[in-house]
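A.B. asks: Structure in structure tokens, see below.
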Amino acid sequence: MKKTLLFALVFSFTAASLTAQTQLRLDVIPVQGNVYMLQTATAGGNVGVLPGPDGVLVVDNQVPNLSESVVRGVRQITDEPIRFVVNTHVHVDHIGGNQLMAGMGVTIIAQENVHQRMLSELRIPRGGGRFMSQPPESARPVITFDRRAIFRMNSEEVQVFHVPPAHTDGDSFIYFVDSDVLHMGDVFRTNMYPIVDVYNGGTVAGMIRAMQIAVDLAGPDTKVIPGHGFSFTDRDGLVEVLDMLTDIRDTIREMVAGGLRLEEVLEAGPTAPYDARWRGSESWTEQDLIPIIYSEVGGAAPTSRRRANN
Ligand SMILES: [Zn+2]
């Protein structure tokens, strides 16, 4: 009797999981040249795909429970095997498919700092640096690099390079030279203010320097895949965010030089011209970004703790 019940429970759970999996379809979006993007309904953790006869190169692979959906998305583009995964950084919505893909024989590659951070519990920037479980050993990159790695496959040169500590200290840009497509991971997002993850080595100064590198690299026809946000964008979209971030940083720096405390800076609203467009999700607003910039430009420690510092 108990066995039957257990079987029934396991079966219904499995059936429910399968139903959920089949419902999770990622949209396949041709970007430019040979490069595609896989995107969820919320445009979180955008995946880059370079298919071809030399095997498929995938950039990022979502959260663990979407990893099978990522594989199915690649299958909509090509039957060639997935050969390489490049992780743009360590966050779980960009490395979550590593374990599944490693089990399929895919080689995982990332900047060395991504590997280092996978040697302990993960943290995310929201919720005051909330801890998450450590990824299994099989999810770790097999090959790491310090400054850059170059792939030559599928008639494409793919430049993977480490940028200054921006979103995290292990951020890489992936530039598909022949297709003229740039995947920037979460250094660039189009759906909310930039997230500077101080718990994983991110800095505002590095974010501005990395954005400048992207602007300098991008030409008039370059297509840019954001880490989060719908569709893709271009050089103008990068310039808009670089100018915004620089302006907010400079405004807060002037306020700090004028002796304002954090509470007074928040009250003064240094992001006000941008809030309507960039406030985005409740989980990351100007109330989270301003204290990070304030601290980095030399502001004194807050006299009272705000939500972002919880
Ligand atoms: Zn991220």
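Labeling convention for the structure tokens: chains A, B, ... as they appear, residues from 1 per chain, ligands from 1 in order of appearance.
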Near Thr251 in chain A, within 12 Å and counting only C-alpha atoms, which residues show up once chain neighbours fewer than 2 positions away are dropped, as a PDB file with C-alpha atoms, in the first residue's frame?
C.D. replies:
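Final file, selection.pdb:
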ATOM      1  CA  MET A 244      23.610  57.710 -17.758  1.00  0.00           C
ATOM      2  CA  LEU A 245      25.894  55.843 -15.395  1.00  0.00           C
ATOM      3  CA  THR A 246      28.672  58.420 -15.761  1.00  0.00           C
ATOM      4  CA  ASP A 247      26.225  61.253 -15.092  1.00  0.00           C
ATOM      5  CA  ILE A 248      24.785  59.572 -11.980  1.00  0.00           C
ATOM      6  CA  ARG A 249      28.282  58.772 -10.672  1.00  0.00           C
ATOM      7  CA  ARG A 253      30.469  62.465  -6.354  1.00  0.00           C
ATOM      8  CA  GLU A 254      29.618  66.184  -6.279  1.00  0.00           C
ATOM      9  CA  MET A 255      27.089  65.557  -3.522  1.00  0.00           C
ATOM     10  CA  VAL A 256      29.677  63.654  -1.484  1.00  0.00           C
ATOM     11  CA  ALA A 257      32.213  66.440  -2.042  1.00  0.00           C
ATOM     12  CA  GLY A 258      29.552  68.826  -0.744  1.00  0.00           C
ATOM     13  CA  LEU A 260      25.991  65.128   1.946  1.00  0.00           C
ATOM     14  CA  VAL A 265      21.891  61.871  -1.326  1.00  0.00           C
ATOM     15  CA  LEU A 266      18.975  59.437  -1.547  1.00  0.00           C
ATOM     16  CA  ALA A 268      18.131  64.520  -3.348  1.00  0.00           C
ATOM     17  CA  GLY A 269      17.309  61.973  -6.060  1.00  0.00           C
ATOM     18  CA  PRO A 270      20.478  61.963  -8.218  1.00  0.00           C
ATOM     19  CA  THR A 271      18.871  59.422 -10.574  1.00  0.00           C
ATOM     20  CA  ALA A 272      15.553  61.272 -10.955  1.00  0.00           C
ATOM     21  CA  PRO A 273      15.896  62.005 -14.719  1.00  0.00           C
ATOM     22  CA  ILE A 290      22.896  54.829  -5.182  1.00  0.00           C
ATOM     23  CA  ILE A 293      28.052  54.522  -5.942  1.00  0.00           C
ATOM     24  CA  TYR A 294      28.017  56.684  -2.804  1.00  0.00           C
ATOM     25  CA  VAL A 297      33.168  57.653  -4.553  1.00  0.00           C
TER      26      VAL A 297
END
A.B. asks: Excluding Pro194 in chain A and residues on its chain fewer than 5 positions from it, collect all residues at most 9 Å away from it, counting only C-alpha atoms, and give them as an NGL selection string.
C.D. replies: :A and (167 or 186-189 or 207 or 241 or 245 or 278 or 284 or 289)
A.B. asks: Would you save the residues of that selection, restricted to N, CA and C atoms, as a compact mmCIF listing (two decimals), in the first residue's frame?
C.D. replies:
# COMPACT_ATOMS: atom_id res chain seq x y z
N HIS A 167 30.17 44.15 -13.31
CA HIS A 167 29.04 43.46 -12.67
C HIS A 167 29.58 42.51 -11.61
N ASP A 186 26.04 40.41 -18.00
CA ASP A 186 25.24 41.35 -17.21
C ASP A 186 25.94 42.69 -16.98
N VAL A 187 27.07 42.91 -17.67
CA VAL A 187 27.63 44.27 -17.65
C VAL A 187 26.63 45.22 -18.33
N PHE A 188 25.87 44.66 -19.26
CA PHE A 188 24.90 45.49 -19.97
C PHE A 188 23.53 44.83 -19.93
N ARG A 189 22.55 45.60 -19.48
CA ARG A 189 21.18 45.11 -19.46
C ARG A 189 20.28 46.25 -19.89
N MET A 207 32.53 49.17 -14.10
CA MET A 207 31.35 49.13 -14.97
C MET A 207 31.45 50.21 -16.04
N VAL A 241 23.48 54.11 -21.93
CA VAL A 241 23.70 53.59 -20.57
C VAL A 241 25.03 54.11 -20.00
N LEU A 245 25.16 56.29 -16.57
CA LEU A 245 25.89 55.84 -15.39
C LEU A 245 26.97 56.86 -15.01
N TRP A 278 14.50 53.44 -16.12
CA TRP A 278 15.45 52.42 -15.69
C TRP A 278 15.18 51.79 -14.34
N TRP A 284 15.62 45.59 -7.76
CA TRP A 284 16.84 46.37 -8.00
C TRP A 284 16.46 47.72 -8.55
N LEU A 289 21.25 50.98 -6.13
CA LEU A 289 22.44 51.42 -6.86
C LEU A 289 23.12 52.62 -6.19
A.B. asks: Which residues are near Arg277 in chain A? Cut-off 8 Å, only C-alpha atoms, ignore same chain within fewer than 3 positions. Put them as a list of chain:residue names.
C.D. replies: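 Once the adjacent positions are removed, what remains is A:Met192, A:Tyr274, A:Gly280.
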A.B. asks: Which polymer residues have any atom within 7 Å of an atom of range 175-181 of chain A, counting only C-alpha atoms, with same-chain residues fewer than 4 positions away left out, as a ChimeraX atom specification?
C.D. replies: /A:32-35,156-160,222-224
A.B. asks: Let me have all residues with an atom within 8 Å of ligand 1, counting only C-alpha atoms and all ligand atoms, laid out as a list in words.
C.D. replies: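 Written in the requested form, the residues are Gly45, His89, Val90, His91, Val92, Asp93, His94, Ile124, His167, Thr168, Gly185, Asp186, Val187, Ile195, Asp197 and Gly227 of chain A.
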A.B. asks: Considering only C-alpha atoms, return as a VMD selection string whatever protein or nucleic-acid residues lie within 6 Å of Leu26 in chain A, sequence-local ones (same chain, fewer than 4 positions apart) excluded.
C.D. replies: chain A and resid 38 to 40
A.B. asks: Output N, CA and C atoms for every residue in that selection, as a PDB file, in the first residue's frame.
C.D. replies:
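See out.pdb below for the written result:
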ATOM      1  N   LEU A  38      18.827  32.881 -27.451  1.00  0.00           N
ATOM      2  CA  LEU A  38      17.689  32.187 -26.840  1.00  0.00           C
ATOM      3  C   LEU A  38      17.205  33.048 -25.691  1.00  0.00           C
ATOM      4  N   GLN A  39      15.899  33.301 -25.667  1.00  0.00           N
ATOM      5  CA  GLN A  39      15.364  34.244 -24.691  1.00  0.00           C
ATOM      6  C   GLN A  39      14.115  33.687 -24.020  1.00  0.00           C
ATOM      7  N   THR A  40      14.040  33.850 -22.688  1.00  0.00           N
ATOM      8  CA  THR A  40      12.845  33.432 -21.953  1.00  0.00           C
ATOM      9  C   THR A  40      11.777  34.517 -22.053  1.00  0.00           C
TER      10      THR A  40
END
A.B. asks: List every residue of range 183-300 of chain A that has an atom at most 12 Å from any atom of range 129-152 of chain A, giving for each one its closest atom pair and the distance in Å to one decimal, counting only C-alpha atoms, sorted by chain and then by ascending residue number, as JSON lines.
C.D. replies:
{"residue": "A:Val196", "atom": "CA", "partner": "A:Gly129", "partner_atom": "CA", "distance": 11.3}
{"residue": "A:Asp197", "atom": "CA", "partner": "A:Gly129", "partner_atom": "CA", "distance": 8.2}
{"residue": "A:Val198", "atom": "CA", "partner": "A:Gly129", "partner_atom": "CA", "distance": 8.3}
{"residue": "A:Tyr199", "atom": "CA", "partner": "A:Gly129", "partner_atom": "CA", "distance": 6.1}
{"residue": "A:Asn200", "atom": "CA", "partner": "A:Gly129", "partner_atom": "CA", "distance": 9.0}
{"residue": "A:Gly201", "atom": "CA", "partner": "A:Gly129", "partner_atom": "CA", "distance": 11.7}
{"residue": "A:Asp288", "atom": "CA", "partner": "A:Gly129", "partner_atom": "CA", "distance": 11.6}
A.B. asks: Could you list, as a list in words, every residue within 10 Å of Gly219 in chain A, counting only C-alpha atoms and ignoring same-chain residues fewer than 2 positions away?
C.D. replies: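 The neighbour list is Asp180, Ala214, Val215, Asp216, Leu217, Asp221, Thr222, Lys223, Asp234, Arg235 and Asp236 of chain A.
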A.B. asks: Take the residues that were just selected and, keeping N, CA and C atoms, output them as a PDB file, in the first residue's frame.
C.D. replies:
ATOM      1  N   ASP A 180      29.826  40.266 -36.249  1.00  0.00           N
ATOM      2  CA  ASP A 180      29.728  41.593 -35.621  1.00  0.00           C
ATOM      3  C   ASP A 180      28.621  41.634 -34.565  1.00  0.00           C
ATOM      4  N   ALA A 214      33.173  48.547 -24.573  1.00  0.00           N
ATOM      5  CA  ALA A 214      32.136  48.073 -25.503  1.00  0.00           C
ATOM      6  C   ALA A 214      31.786  49.141 -26.531  1.00  0.00           C
ATOM      7  N   VAL A 215      31.671  50.386 -26.055  1.00  0.00           N
ATOM      8  CA  VAL A 215      31.360  51.489 -26.985  1.00  0.00           C
ATOM      9  C   VAL A 215      32.481  51.638 -28.006  1.00  0.00           C
ATOM     10  N   ASP A 216      33.734  51.538 -27.553  1.00  0.00           N
ATOM     11  CA  ASP A 216      34.875  51.674 -28.468  1.00  0.00           C
ATOM     12  C   ASP A 216      34.923  50.525 -29.472  1.00  0.00           C
ATOM     13  N   LEU A 217      34.518  49.340 -29.031  1.00  0.00           N
ATOM     14  CA  LEU A 217      34.565  48.175 -29.911  1.00  0.00           C
ATOM     15  C   LEU A 217      33.436  48.198 -30.941  1.00  0.00           C
ATOM     16  N   ASP A 221      27.224  48.853 -37.258  1.00  0.00           N
ATOM     17  CA  ASP A 221      26.345  47.706 -37.531  1.00  0.00           C
ATOM     18  C   ASP A 221      26.375  46.646 -36.432  1.00  0.00           C
ATOM     19  N   THR A 222      27.154  46.874 -35.381  1.00  0.00           N
ATOM     20  CA  THR A 222      27.274  45.883 -34.315  1.00  0.00           C
ATOM     21  C   THR A 222      25.935  45.665 -33.621  1.00  0.00           C
ATOM     22  N   LYS A 223      25.607  44.399 -33.404  1.00  0.00           N
ATOM     23  CA  LYS A 223      24.423  44.059 -32.615  1.00  0.00           C
ATOM     24  C   LYS A 223      24.898  43.607 -31.239  1.00  0.00           C
ATOM     25  N   ASP A 234      22.177  48.133 -29.937  1.00  0.00           N
ATOM     26  CA  ASP A 234      23.309  48.568 -30.760  1.00  0.00           C
ATOM     27  C   ASP A 234      24.186  49.566 -29.999  1.00  0.00           C
ATOM     28  N   ARG A 235      25.126  50.165 -30.727  1.00  0.00           N
ATOM     29  CA  ARG A 235      26.077  51.081 -30.097  1.00  0.00           C
ATOM     30  C   ARG A 235      25.363  52.245 -29.398  1.00  0.00           C
ATOM     31  N   ASP A 236      24.315  52.763 -30.016  1.00  0.00           N
ATOM     32  CA  ASP A 236      23.580  53.874 -29.400  1.00  0.00           C
ATOM     33  C   ASP A 236      23.002  53.474 -28.044  1.00  0.00           C
TER      34      ASP A 236
END
A.B. asks: Report as a list in words all protein, DNA and RNA residues lying within 10 Å of Phe230 in chain A, evaluated on only C-alpha atoms, omitting residues in the same chain fewer than 4 positions from it.
C.D. replies: Gln39, Thr40, Ala41, Thr42, Ala43, Gly44, Asn46, Arg189, Thr190, Asn191, Ile225 and Pro226 of chain A
A.B. asks: With distances taken over only C-alpha atoms, which of A:His228, A:Arg72, A:His162, A:Arg83 is nearest to Val106 in chain A?
C.D. replies: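 Closest to Val106 in chain A, using only C-alpha atoms: A:Arg83.
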A.B. asks: Would you return as JSON, numbers by chain the members of range 114-246 of chain A that DSSP assigns to helix (DSSP H, G or I) on this structure's backbone?
C.D. replies: {"A": [114, 115, 116, 117, 126, 127, 128, 129, 137, 138, 139, 185, 186, 187, 198, 199, 200, 204, 205, 206, 207, 208, 209, 210, 211, 212, 213, 214, 215, 216, 217, 235, 236, 237, 238, 239, 240, 241, 242, 243, 244, 245, 246]}
A.B. asks: So, counting only C-alpha atoms, which residue among A:Pro64, A:Gly127, A:Pro53, A:Gly48 is closest to Ile174 in chain A?
C.D. replies: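 Of A:Pro64, A:Gly127, A:Pro53, A:Gly48, the one nearest Ile174 in chain A is A:Gly48, counting only C-alpha atoms.
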